[in-house]
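Next comes protein30.pdb, with PDB, N, CA and C atoms.
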MODEL        1
ATOM      1  N   MET A  15      -9.696  19.432 -27.835  1.00  0.00           N
ATOM      2  CA  MET A  15      -9.784  18.183 -28.556  1.00  0.00           C
ATOM      3  C   MET A  15      -8.569  18.054 -29.471  1.00  0.00           C
ATOM      4  N   LEU A  16      -7.948  16.905 -29.446  1.00  0.00           N
ATOM      5  CA  LEU A  16      -6.774  16.645 -30.267  1.00  0.00           C
ATOM      6  C   LEU A  16      -7.213  16.237 -31.668  1.00  0.00           C
ATOM      7  N   ASN A  17      -6.778  16.973 -32.661  1.00  0.00           N
ATOM      8  CA  ASN A  17      -7.084  16.659 -34.058  1.00  0.00           C
ATOM      9  C   ASN A  17      -5.948  15.804 -34.618  1.00  0.00           C
ATOM     10  N   THR A  18      -6.242  14.554 -34.947  1.00  0.00           N
ATOM     11  CA  THR A  18      -5.226  13.676 -35.519  1.00  0.00           C
ATOM     12  C   THR A  18      -5.450  13.427 -37.004  1.00  0.00           C
ATOM     13  N   LYS A  19      -6.429  14.107 -37.582  1.00  0.00           N
ATOM     14  CA  LYS A  19      -6.683  13.995 -39.019  1.00  0.00           C
ATOM     15  C   LYS A  19      -5.775  14.969 -39.757  1.00  0.00           C
ATOM     16  N   PRO A  20      -5.428  14.679 -41.019  1.00  0.00           N
ATOM     17  CA  PRO A  20      -4.588  15.613 -41.784  1.00  0.00           C
ATOM     18  C   PRO A  20      -5.174  17.023 -41.751  1.00  0.00           C
ATOM     19  N   ASN A  21      -4.345  17.981 -41.379  1.00  0.00           N
ATOM     20  CA  ASN A  21      -4.828  19.349 -41.183  1.00  0.00           C
ATOM     21  C   ASN A  21      -3.808  20.381 -41.642  1.00  0.00           C
ATOM     22  N   LEU A  22      -2.747  19.936 -42.277  1.00  0.00           N
ATOM     23  CA  LEU A  22      -1.657  20.834 -42.644  1.00  0.00           C
ATOM     24  C   LEU A  22      -1.606  20.984 -44.165  1.00  0.00           C
ATOM     25  N   PRO A  23      -1.999  22.154 -44.673  1.00  0.00           N
ATOM     26  CA  PRO A  23      -1.882  22.350 -46.109  1.00  0.00           C
ATOM     27  C   PRO A  23      -0.403  22.278 -46.509  1.00  0.00           C
ATOM     28  N   ASN A  24      -0.139  21.678 -47.641  1.00  0.00           N
ATOM     29  CA  ASN A  24       1.235  21.569 -48.139  1.00  0.00           C
ATOM     30  C   ASN A  24       2.154  20.904 -47.120  1.00  0.00           C
ATOM     31  N   SER A  25       1.716  19.783 -46.588  1.00  0.00           N
ATOM     32  CA  SER A  25       2.501  19.101 -45.556  1.00  0.00           C
ATOM     33  C   SER A  25       3.882  18.699 -46.067  1.00  0.00           C
ATOM     34  N   ASP A  26       3.996  18.372 -47.346  1.00  0.00           N
ATOM     35  CA  ASP A  26       5.304  18.039 -47.903  1.00  0.00           C
ATOM     36  C   ASP A  26       6.257  19.226 -47.843  1.00  0.00           C
ATOM     37  N   ASP A  27       5.724  20.421 -48.071  1.00  0.00           N
ATOM     38  CA  ASP A  27       6.552  21.633 -47.985  1.00  0.00           C
ATOM     39  C   ASP A  27       7.040  21.853 -46.562  1.00  0.00           C
ATOM     40  N   PHE A  28       6.145  21.634 -45.576  1.00  0.00           N
ATOM     41  CA  PHE A  28       6.570  21.794 -44.189  1.00  0.00           C
ATOM     42  C   PHE A  28       7.631  20.766 -43.837  1.00  0.00           C
ATOM     43  N   TYR A  29       7.430  19.534 -44.277  1.00  0.00           N
ATOM     44  CA  TYR A  29       8.408  18.485 -43.978  1.00  0.00           C
ATOM     45  C   TYR A  29       9.766  18.839 -44.578  1.00  0.00           C
ATOM     46  N   ALA A  30       9.765  19.357 -45.795  1.00  0.00           N
ATOM     47  CA  ALA A  30      11.021  19.784 -46.425  1.00  0.00           C
ATOM     48  C   ALA A  30      11.671  20.906 -45.620  1.00  0.00           C
ATOM     49  N   SER A  31      10.883  21.838 -45.127  1.00  0.00           N
ATOM     50  CA  SER A  31      11.413  22.931 -44.302  1.00  0.00           C
ATOM     51  C   SER A  31      12.000  22.400 -43.002  1.00  0.00           C
ATOM     52  N   LEU A  32      11.329  21.419 -42.422  1.00  0.00           N
ATOM     53  CA  LEU A  32      11.811  20.816 -41.186  1.00  0.00           C
ATOM     54  C   LEU A  32      13.149  20.119 -41.419  1.00  0.00           C
ATOM     55  N   LEU A  33      13.241  19.358 -42.498  1.00  0.00           N
ATOM     56  CA  LEU A  33      14.515  18.702 -42.819  1.00  0.00           C
ATOM     57  C   LEU A  33      15.613  19.726 -43.083  1.00  0.00           C
ATOM     58  N   HIS A  34      15.270  20.777 -43.793  1.00  0.00           N
ATOM     59  CA  HIS A  34      16.247  21.826 -44.101  1.00  0.00           C
ATOM     60  C   HIS A  34      16.761  22.494 -42.820  1.00  0.00           C
ATOM     61  N   ALA A  35      15.878  22.680 -41.848  1.00  0.00           N
ATOM     62  CA  ALA A  35      16.272  23.314 -40.583  1.00  0.00           C
ATOM     63  C   ALA A  35      17.303  22.466 -39.836  1.00  0.00           C
ATOM     64  N   HIS A  36      17.309  21.158 -40.099  1.00  0.00           N
ATOM     65  CA  HIS A  36      18.222  20.247 -39.414  1.00  0.00           C
ATOM     66  C   HIS A  36      19.532  20.016 -40.170  1.00  0.00           C
ATOM     67  N   GLU A  37      19.590  20.470 -41.412  1.00  0.00           N
ATOM     68  CA  GLU A  37      20.788  20.243 -42.231  1.00  0.00           C
ATOM     69  C   GLU A  37      22.020  20.844 -41.575  1.00  0.00           C
ATOM     70  N   GLY A  38      23.076  20.038 -41.502  1.00  0.00           N
ATOM     71  CA  GLY A  38      24.349  20.511 -40.985  1.00  0.00           C
ATOM     72  C   GLY A  38      24.450  20.572 -39.472  1.00  0.00           C
ATOM     73  N   LEU A  39      23.379  20.193 -38.770  1.00  0.00           N
ATOM     74  CA  LEU A  39      23.408  20.236 -37.311  1.00  0.00           C
ATOM     75  C   LEU A  39      23.969  18.930 -36.765  1.00  0.00           C
ATOM     76  N   SER A  40      24.654  19.038 -35.648  1.00  0.00           N
ATOM     77  CA  SER A  40      25.076  17.834 -34.944  1.00  0.00           C
ATOM     78  C   SER A  40      23.835  17.176 -34.344  1.00  0.00           C
ATOM     79  N   LYS A  41      23.975  15.938 -33.880  1.00  0.00           N
ATOM     80  CA  LYS A  41      22.859  15.233 -33.241  1.00  0.00           C
ATOM     81  C   LYS A  41      22.333  16.037 -32.050  1.00  0.00           C
ATOM     82  N   GLY A  42      23.241  16.564 -31.249  1.00  0.00           N
ATOM     83  CA  GLY A  42      22.828  17.358 -30.084  1.00  0.00           C
ATOM     84  C   GLY A  42      22.084  18.619 -30.473  1.00  0.00           C
ATOM     85  N   ASP A  43      22.596  19.330 -31.489  1.00  0.00           N
ATOM     86  CA  ASP A  43      21.920  20.546 -31.940  1.00  0.00           C
ATOM     87  C   ASP A  43      20.568  20.223 -32.578  1.00  0.00           C
ATOM     88  N   SER A  44      20.492  19.113 -33.298  1.00  0.00           N
ATOM     89  CA  SER A  44      19.234  18.688 -33.902  1.00  0.00           C
ATOM     90  C   SER A  44      18.208  18.339 -32.827  1.00  0.00           C
ATOM     91  N   ASP A  45      18.646  17.632 -31.799  1.00  0.00           N
ATOM     92  CA  ASP A  45      17.760  17.309 -30.679  1.00  0.00           C
ATOM     93  C   ASP A  45      17.280  18.572 -29.973  1.00  0.00           C
ATOM     94  N   ALA A  46      18.184  19.544 -29.812  1.00  0.00           N
ATOM     95  CA  ALA A  46      17.816  20.805 -29.157  1.00  0.00           C
ATOM     96  C   ALA A  46      16.813  21.583 -30.006  1.00  0.00           C
ATOM     97  N   LEU A  47      16.989  21.570 -31.319  1.00  0.00           N
ATOM     98  CA  LEU A  47      16.034  22.224 -32.220  1.00  0.00           C
ATOM     99  C   LEU A  47      14.660  21.579 -32.066  1.00  0.00           C
ATOM    100  N   ASN A  48      14.614  20.248 -32.057  1.00  0.00           N
ATOM    101  CA  ASN A  48      13.336  19.552 -31.877  1.00  0.00           C
ATOM    102  C   ASN A  48      12.688  19.919 -30.549  1.00  0.00           C
ATOM    103  N   ALA A  49      13.474  19.975 -29.483  1.00  0.00           N
ATOM    104  CA  ALA A  49      12.934  20.314 -28.166  1.00  0.00           C
ATOM    105  C   ALA A  49      12.365  21.738 -28.164  1.00  0.00           C
ATOM    106  N   ARG A  50      13.100  22.681 -28.745  1.00  0.00           N
ATOM    107  CA  ARG A  50      12.592  24.064 -28.796  1.00  0.00           C
ATOM    108  C   ARG A  50      11.308  24.143 -29.614  1.00  0.00           C
ATOM    109  N   LEU A  51      11.267  23.427 -30.749  1.00  0.00           N
ATOM    110  CA  LEU A  51      10.079  23.437 -31.599  1.00  0.00           C
ATOM    111  C   LEU A  51       8.877  22.857 -30.853  1.00  0.00           C
ATOM    112  N   ILE A  52       9.090  21.749 -30.161  1.00  0.00           N
ATOM    113  CA  ILE A  52       8.009  21.133 -29.385  1.00  0.00           C
ATOM    114  C   ILE A  52       7.481  22.105 -28.333  1.00  0.00           C
ATOM    115  N   LEU A  53       8.387  22.764 -27.614  1.00  0.00           N
ATOM    116  CA  LEU A  53       7.955  23.700 -26.567  1.00  0.00           C
ATOM    117  C   LEU A  53       7.244  24.914 -27.155  1.00  0.00           C
ATOM    118  N   LEU A  54       7.703  25.411 -28.294  1.00  0.00           N
ATOM    119  CA  LEU A  54       7.021  26.536 -28.946  1.00  0.00           C
ATOM    120  C   LEU A  54       5.610  26.146 -29.383  1.00  0.00           C
ATOM    121  N   LEU A  55       5.478  24.969 -29.973  1.00  0.00           N
ATOM    122  CA  LEU A  55       4.159  24.520 -30.421  1.00  0.00           C
ATOM    123  C   LEU A  55       3.246  24.213 -29.239  1.00  0.00           C
ATOM    124  N   ALA A  56       3.797  23.623 -28.171  1.00  0.00           N
ATOM    125  CA  ALA A  56       2.998  23.368 -26.969  1.00  0.00           C
ATOM    126  C   ALA A  56       2.497  24.680 -26.372  1.00  0.00           C
ATOM    127  N   ASN A  57       3.359  25.683 -26.345  1.00  0.00           N
ATOM    128  CA  ASN A  57       2.955  26.991 -25.840  1.00  0.00           C
ATOM    129  C   ASN A  57       1.855  27.586 -26.716  1.00  0.00           C
ATOM    130  N   HIS A  58       1.978  27.417 -28.011  1.00  0.00           N
ATOM    131  CA  HIS A  58       0.974  27.934 -28.944  1.00  0.00           C
ATOM    132  C   HIS A  58      -0.378  27.253 -28.719  1.00  0.00           C
ATOM    133  N   ILE A  59      -0.359  25.934 -28.507  1.00  0.00           N
ATOM    134  CA  ILE A  59      -1.599  25.191 -28.250  1.00  0.00           C
ATOM    135  C   ILE A  59      -2.186  25.615 -26.911  1.00  0.00           C
ATOM    136  N   GLY A  60      -1.359  25.592 -25.876  1.00  0.00           N
ATOM    137  CA  GLY A  60      -1.740  26.148 -24.587  1.00  0.00           C
ATOM    138  C   GLY A  60      -2.833  25.434 -23.822  1.00  0.00           C
ATOM    139  N   GLU A  61      -3.240  24.248 -24.236  1.00  0.00           N
ATOM    140  CA  GLU A  61      -4.296  23.513 -23.546  1.00  0.00           C
ATOM    141  C   GLU A  61      -3.725  22.208 -22.994  1.00  0.00           C
ATOM    142  N   PRO A  62      -3.527  22.128 -21.672  1.00  0.00           N
ATOM    143  CA  PRO A  62      -2.908  20.934 -21.086  1.00  0.00           C
ATOM    144  C   PRO A  62      -3.607  19.631 -21.467  1.00  0.00           C
ATOM    145  N   GLU A  63      -4.929  19.630 -21.541  1.00  0.00           N
ATOM    146  CA  GLU A  63      -5.648  18.399 -21.895  1.00  0.00           C
ATOM    147  C   GLU A  63      -5.281  17.936 -23.311  1.00  0.00           C
ATOM    148  N   VAL A  64      -5.215  18.864 -24.245  1.00  0.00           N
ATOM    149  CA  VAL A  64      -4.845  18.529 -25.625  1.00  0.00           C
ATOM    150  C   VAL A  64      -3.396  18.051 -25.671  1.00  0.00           C
ATOM    151  N   LEU A  65      -2.517  18.724 -24.948  1.00  0.00           N
ATOM    152  CA  LEU A  65      -1.108  18.332 -24.939  1.00  0.00           C
ATOM    153  C   LEU A  65      -0.919  16.948 -24.336  1.00  0.00           C
ATOM    154  N   ASN A  66      -1.653  16.633 -23.273  1.00  0.00           N
ATOM    155  CA  ASN A  66      -1.560  15.301 -22.676  1.00  0.00           C
ATOM    156  C   ASN A  66      -2.075  14.221 -23.621  1.00  0.00           C
ATOM    157  N   LYS A  67      -3.147  14.522 -24.367  1.00  0.00           N
ATOM    158  CA  LYS A  67      -3.648  13.570 -25.356  1.00  0.00           C
ATOM    159  C   LYS A  67      -2.627  13.368 -26.473  1.00  0.00           C
ATOM    160  N   ALA A  68      -1.949  14.441 -26.858  1.00  0.00           N
ATOM    161  CA  ALA A  68      -0.914  14.332 -27.889  1.00  0.00           C
ATOM    162  C   ALA A  68       0.250  13.480 -27.393  1.00  0.00           C
ATOM    163  N   LEU A  69       0.635  13.654 -26.136  1.00  0.00           N
ATOM    164  CA  LEU A  69       1.699  12.827 -25.566  1.00  0.00           C
ATOM    165  C   LEU A  69       1.315  11.349 -25.587  1.00  0.00           C
ATOM    166  N   GLN A  70       0.073  11.070 -25.227  1.00  0.00           N
ATOM    167  CA  GLN A  70      -0.395   9.681 -25.248  1.00  0.00           C
ATOM    168  C   GLN A  70      -0.407   9.131 -26.673  1.00  0.00           C
ATOM    169  N   ALA A  71      -0.882   9.917 -27.619  1.00  0.00           N
ATOM    170  CA  ALA A  71      -0.981   9.467 -29.005  1.00  0.00           C
ATOM    171  C   ALA A  71       0.391   9.245 -29.627  1.00  0.00           C
ATOM    172  N   ALA A  72       1.389   9.975 -29.162  1.00  0.00           N
ATOM    173  CA  ALA A  72       2.736   9.879 -29.730  1.00  0.00           C
ATOM    174  C   ALA A  72       3.553   8.731 -29.155  1.00  0.00           C
ATOM    175  N   GLN A  73       3.061   8.103 -28.100  1.00  0.00           N
ATOM    176  CA  GLN A  73       3.796   6.995 -27.490  1.00  0.00           C
ATOM    177  C   GLN A  73       3.957   5.859 -28.497  1.00  0.00           C
ATOM    178  N   PRO A  74       5.112   5.189 -28.469  1.00  0.00           N
ATOM    179  CA  PRO A  74       5.283   4.044 -29.373  1.00  0.00           C
ATOM    180  C   PRO A  74       4.256   2.963 -29.051  1.00  0.00           C
ATOM    181  N   ARG A  75       3.807   2.303 -30.082  1.00  0.00           N
ATOM    182  CA  ARG A  75       2.855   1.198 -29.906  1.00  0.00           C
ATOM    183  C   ARG A  75       3.605  -0.012 -29.372  1.00  0.00           C
ATOM    184  N   ARG A  76       3.103  -0.559 -28.310  1.00  0.00           N
ATOM    185  CA  ARG A  76       3.728  -1.750 -27.723  1.00  0.00           C
ATOM    186  C   ARG A  76       3.034  -2.977 -28.263  1.00  0.00           C
ATOM    187  N   GLU A  77       3.833  -3.897 -28.771  1.00  0.00           N
ATOM    188  CA  GLU A  77       3.255  -5.136 -29.280  1.00  0.00           C
ATOM    189  C   GLU A  77       2.902  -6.049 -28.118  1.00  0.00           C
ATOM    190  N   THR A  78       1.784  -6.717 -28.241  1.00  0.00           N
ATOM    191  CA  THR A  78       1.398  -7.681 -27.207  1.00  0.00           C
ATOM    192  C   THR A  78       1.940  -9.047 -27.592  1.00  0.00           C
ATOM    193  N   PRO A  79       2.472  -9.771 -26.614  1.00  0.00           N
ATOM    194  CA  PRO A  79       3.053 -11.082 -26.920  1.00  0.00           C
ATOM    195  C   PRO A  79       2.013 -12.124 -27.306  1.00  0.00           C
TER     196      PRO A  79
ENDMDL
END
So, in terms of structure tokens, how does the structure I just supplied come out?
Amino acid sequence: MLNTKPNLPNSDDFYASLLHAHEGLSKGDSDALNARLILLLANHIGEPEVLNKALQAAQPRRETP
């Protein structure tokens, strides 16, 4: 089951760490860091159903005309 409710203690601290990890990186290196982080976290979760739900939830919202 995908948990989309706040679940990260000290989320501001994690966000600061994430920004710090990207400091001084080129766009390509920053993108590569994000890709590695995503794959590490996906491996940690290890449940294809949860990962597929996360992919769906992360899709940009499309406005209806």
Run the PyMOL selection byres (((chain A and resi 46-63 and name CA) around 12) and name CA) on the file and write out the hits as an NGL selection string. :A and (15-17 or 32-37 or 39-45 or 64-70)
Alpha helix (DSSP H) residues, from DSSP on the backbone, in segment 23-71 of chain A, as a PyMOL selection string: chain A and resi 25-36+41-59+62-71
Suppose we keep N, CA and C atoms; can you now write the selection as a compact mmCIF listing (two decimals), in the coordinates of the input?
# COMPACT_ATOMS: atom_id res chain seq x y z
N SER A 25 1.72 19.78 -46.59
CA SER A 25 2.50 19.10 -45.56
C SER A 25 3.88 18.70 -46.07
N ASP A 26 4.00 18.37 -47.35
CA ASP A 26 5.30 18.04 -47.90
C ASP A 26 6.26 19.23 -47.84
N ASP A 27 5.72 20.42 -48.07
CA ASP A 27 6.55 21.63 -47.98
C ASP A 27 7.04 21.85 -46.56
N PHE A 28 6.14 21.63 -45.58
CA PHE A 28 6.57 21.79 -44.19
C PHE A 28 7.63 20.77 -43.84
N TYR A 29 7.43 19.53 -44.28
CA TYR A 29 8.41 18.48 -43.98
C TYR A 29 9.77 18.84 -44.58
N ALA A 30 9.76 19.36 -45.80
CA ALA A 30 11.02 19.78 -46.42
C ALA A 30 11.67 20.91 -45.62
N SER A 31 10.88 21.84 -45.13
CA SER A 31 11.41 22.93 -44.30
C SER A 31 12.00 22.40 -43.00
N LEU A 32 11.33 21.42 -42.42
CA LEU A 32 11.81 20.82 -41.19
C LEU A 32 13.15 20.12 -41.42
N LEU A 33 13.24 19.36 -42.50
CA LEU A 33 14.52 18.70 -42.82
C LEU A 33 15.61 19.73 -43.08
N HIS A 34 15.27 20.78 -43.79
CA HIS A 34 16.25 21.83 -44.10
C HIS A 34 16.76 22.49 -42.82
N ALA A 35 15.88 22.68 -41.85
CA ALA A 35 16.27 23.31 -40.58
C ALA A 35 17.30 22.47 -39.84
N HIS A 36 17.31 21.16 -40.10
CA HIS A 36 18.22 20.25 -39.41
C HIS A 36 19.53 20.02 -40.17
N LYS A 41 23.98 15.94 -33.88
CA LYS A 41 22.86 15.23 -33.24
C LYS A 41 22.33 16.04 -32.05
N GLY A 42 23.24 16.56 -31.25
CA GLY A 42 22.83 17.36 -30.08
C GLY A 42 22.08 18.62 -30.47
N ASP A 43 22.60 19.33 -31.49
CA ASP A 43 21.92 20.55 -31.94
C ASP A 43 20.57 20.22 -32.58
N SER A 44 20.49 19.11 -33.30
CA SER A 44 19.23 18.69 -33.90
C SER A 44 18.21 18.34 -32.83
N ASP A 45 18.65 17.63 -31.80
CA ASP A 45 17.76 17.31 -30.68
C ASP A 45 17.28 18.57 -29.97
N ALA A 46 18.18 19.54 -29.81
CA ALA A 46 17.82 20.80 -29.16
C ALA A 46 16.81 21.58 -30.01
N LEU A 47 16.99 21.57 -31.32
CA LEU A 47 16.03 22.22 -32.22
C LEU A 47 14.66 21.58 -32.07
N ASN A 48 14.61 20.25 -32.06
CA ASN A 48 13.34 19.55 -31.88
C ASN A 48 12.69 19.92 -30.55
N ALA A 49 13.47 19.98 -29.48
CA ALA A 49 12.93 20.31 -28.17
C ALA A 49 12.36 21.74 -28.16
N ARG A 50 13.10 22.68 -28.74
CA ARG A 50 12.59 24.06 -28.80
C ARG A 50 11.31 24.14 -29.61
N LEU A 51 11.27 23.43 -30.75
CA LEU A 51 10.08 23.44 -31.60
C LEU A 51 8.88 22.86 -30.85
N ILE A 52 9.09 21.75 -30.16
CA ILE A 52 8.01 21.13 -29.38
C ILE A 52 7.48 22.10 -28.33
N LEU A 53 8.39 22.76 -27.61
CA LEU A 53 7.96 23.70 -26.57
C LEU A 53 7.24 24.91 -27.16
N LEU A 54 7.70 25.41 -28.29
CA LEU A 54 7.02 26.54 -28.95
C LEU A 54 5.61 26.15 -29.38
N LEU A 55 5.48 24.97 -29.97
CA LEU A 55 4.16 24.52 -30.42
C LEU A 55 3.25 24.21 -29.24
N ALA A 56 3.80 23.62 -28.17
CA ALA A 56 3.00 23.37 -26.97
C ALA A 56 2.50 24.68 -26.37
N ASN A 57 3.36 25.68 -26.34
CA ASN A 57 2.96 26.99 -25.84
C ASN A 57 1.86 27.59 -26.72
N HIS A 58 1.98 27.42 -28.01
CA HIS A 58 0.97 27.93 -28.94
C HIS A 58 -0.38 27.25 -28.72
N ILE A 59 -0.36 25.93 -28.51
CA ILE A 59 -1.60 25.19 -28.25
C ILE A 59 -2.19 25.62 -26.91
N PRO A 62 -3.53 22.13 -21.67
CA PRO A 62 -2.91 20.93 -21.09
C PRO A 62 -3.61 19.63 -21.47
N GLU A 63 -4.93 19.63 -21.54
CA GLU A 63 -5.65 18.40 -21.90
C GLU A 63 -5.28 17.94 -23.31
N VAL A 64 -5.22 18.86 -24.24
CA VAL A 64 -4.84 18.53 -25.62
C VAL A 64 -3.40 18.05 -25.67
N LEU A 65 -2.52 18.72 -24.95
CA LEU A 65 -1.11 18.33 -24.94
C LEU A 65 -0.92 16.95 -24.34
N ASN A 66 -1.65 16.63 -23.27
CA ASN A 66 -1.56 15.30 -22.68
C ASN A 66 -2.08 14.22 -23.62
N LYS A 67 -3.15 14.52 -24.37
CA LYS A 67 -3.65 13.57 -25.36
C LYS A 67 -2.63 13.37 -26.47
N ALA A 68 -1.95 14.44 -26.86
CA ALA A 68 -0.91 14.33 -27.89
C ALA A 68 0.25 13.48 -27.39
N LEU A 69 0.64 13.65 -26.14
CA LEU A 69 1.70 12.83 -25.57
C LEU A 69 1.32 11.35 -25.59
N GLN A 70 0.07 11.07 -25.23
CA GLN A 70 -0.40 9.68 -25.25
C GLN A 70 -0.41 9.13 -26.67
N ALA A 71 -0.88 9.92 -27.62
CA ALA A 71 -0.98 9.47 -29.00
C ALA A 71 0.39 9.24 -29.63
Distance of atom C of Lys19 of chain A from atom CA of Arg75 of chain A, expressed in Å to one decimal place: 19.0 Å
Could you tell me how far atom CA of Ala72 of chain A sits from atom CA of Tyr29 of chain A, in Å to one decimal place? 17.6 Å
Can you report as lines of an AutoDock Vina configuration file the centre and edge lengths in Å, to one decimal, of an axis-aligned box around the listed atoms of segment 36-50 of chain A padded with 6 Å on each side?
center_x = 18.2
center_y = 19.7
center_z = -35.2
size_x = 25.8
size_y = 20.9
size_z = 26.1
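If you look at atom N of Gln73 of chain A and atom C of Pro20 of chain A, they are 18.3 Å away from each other.
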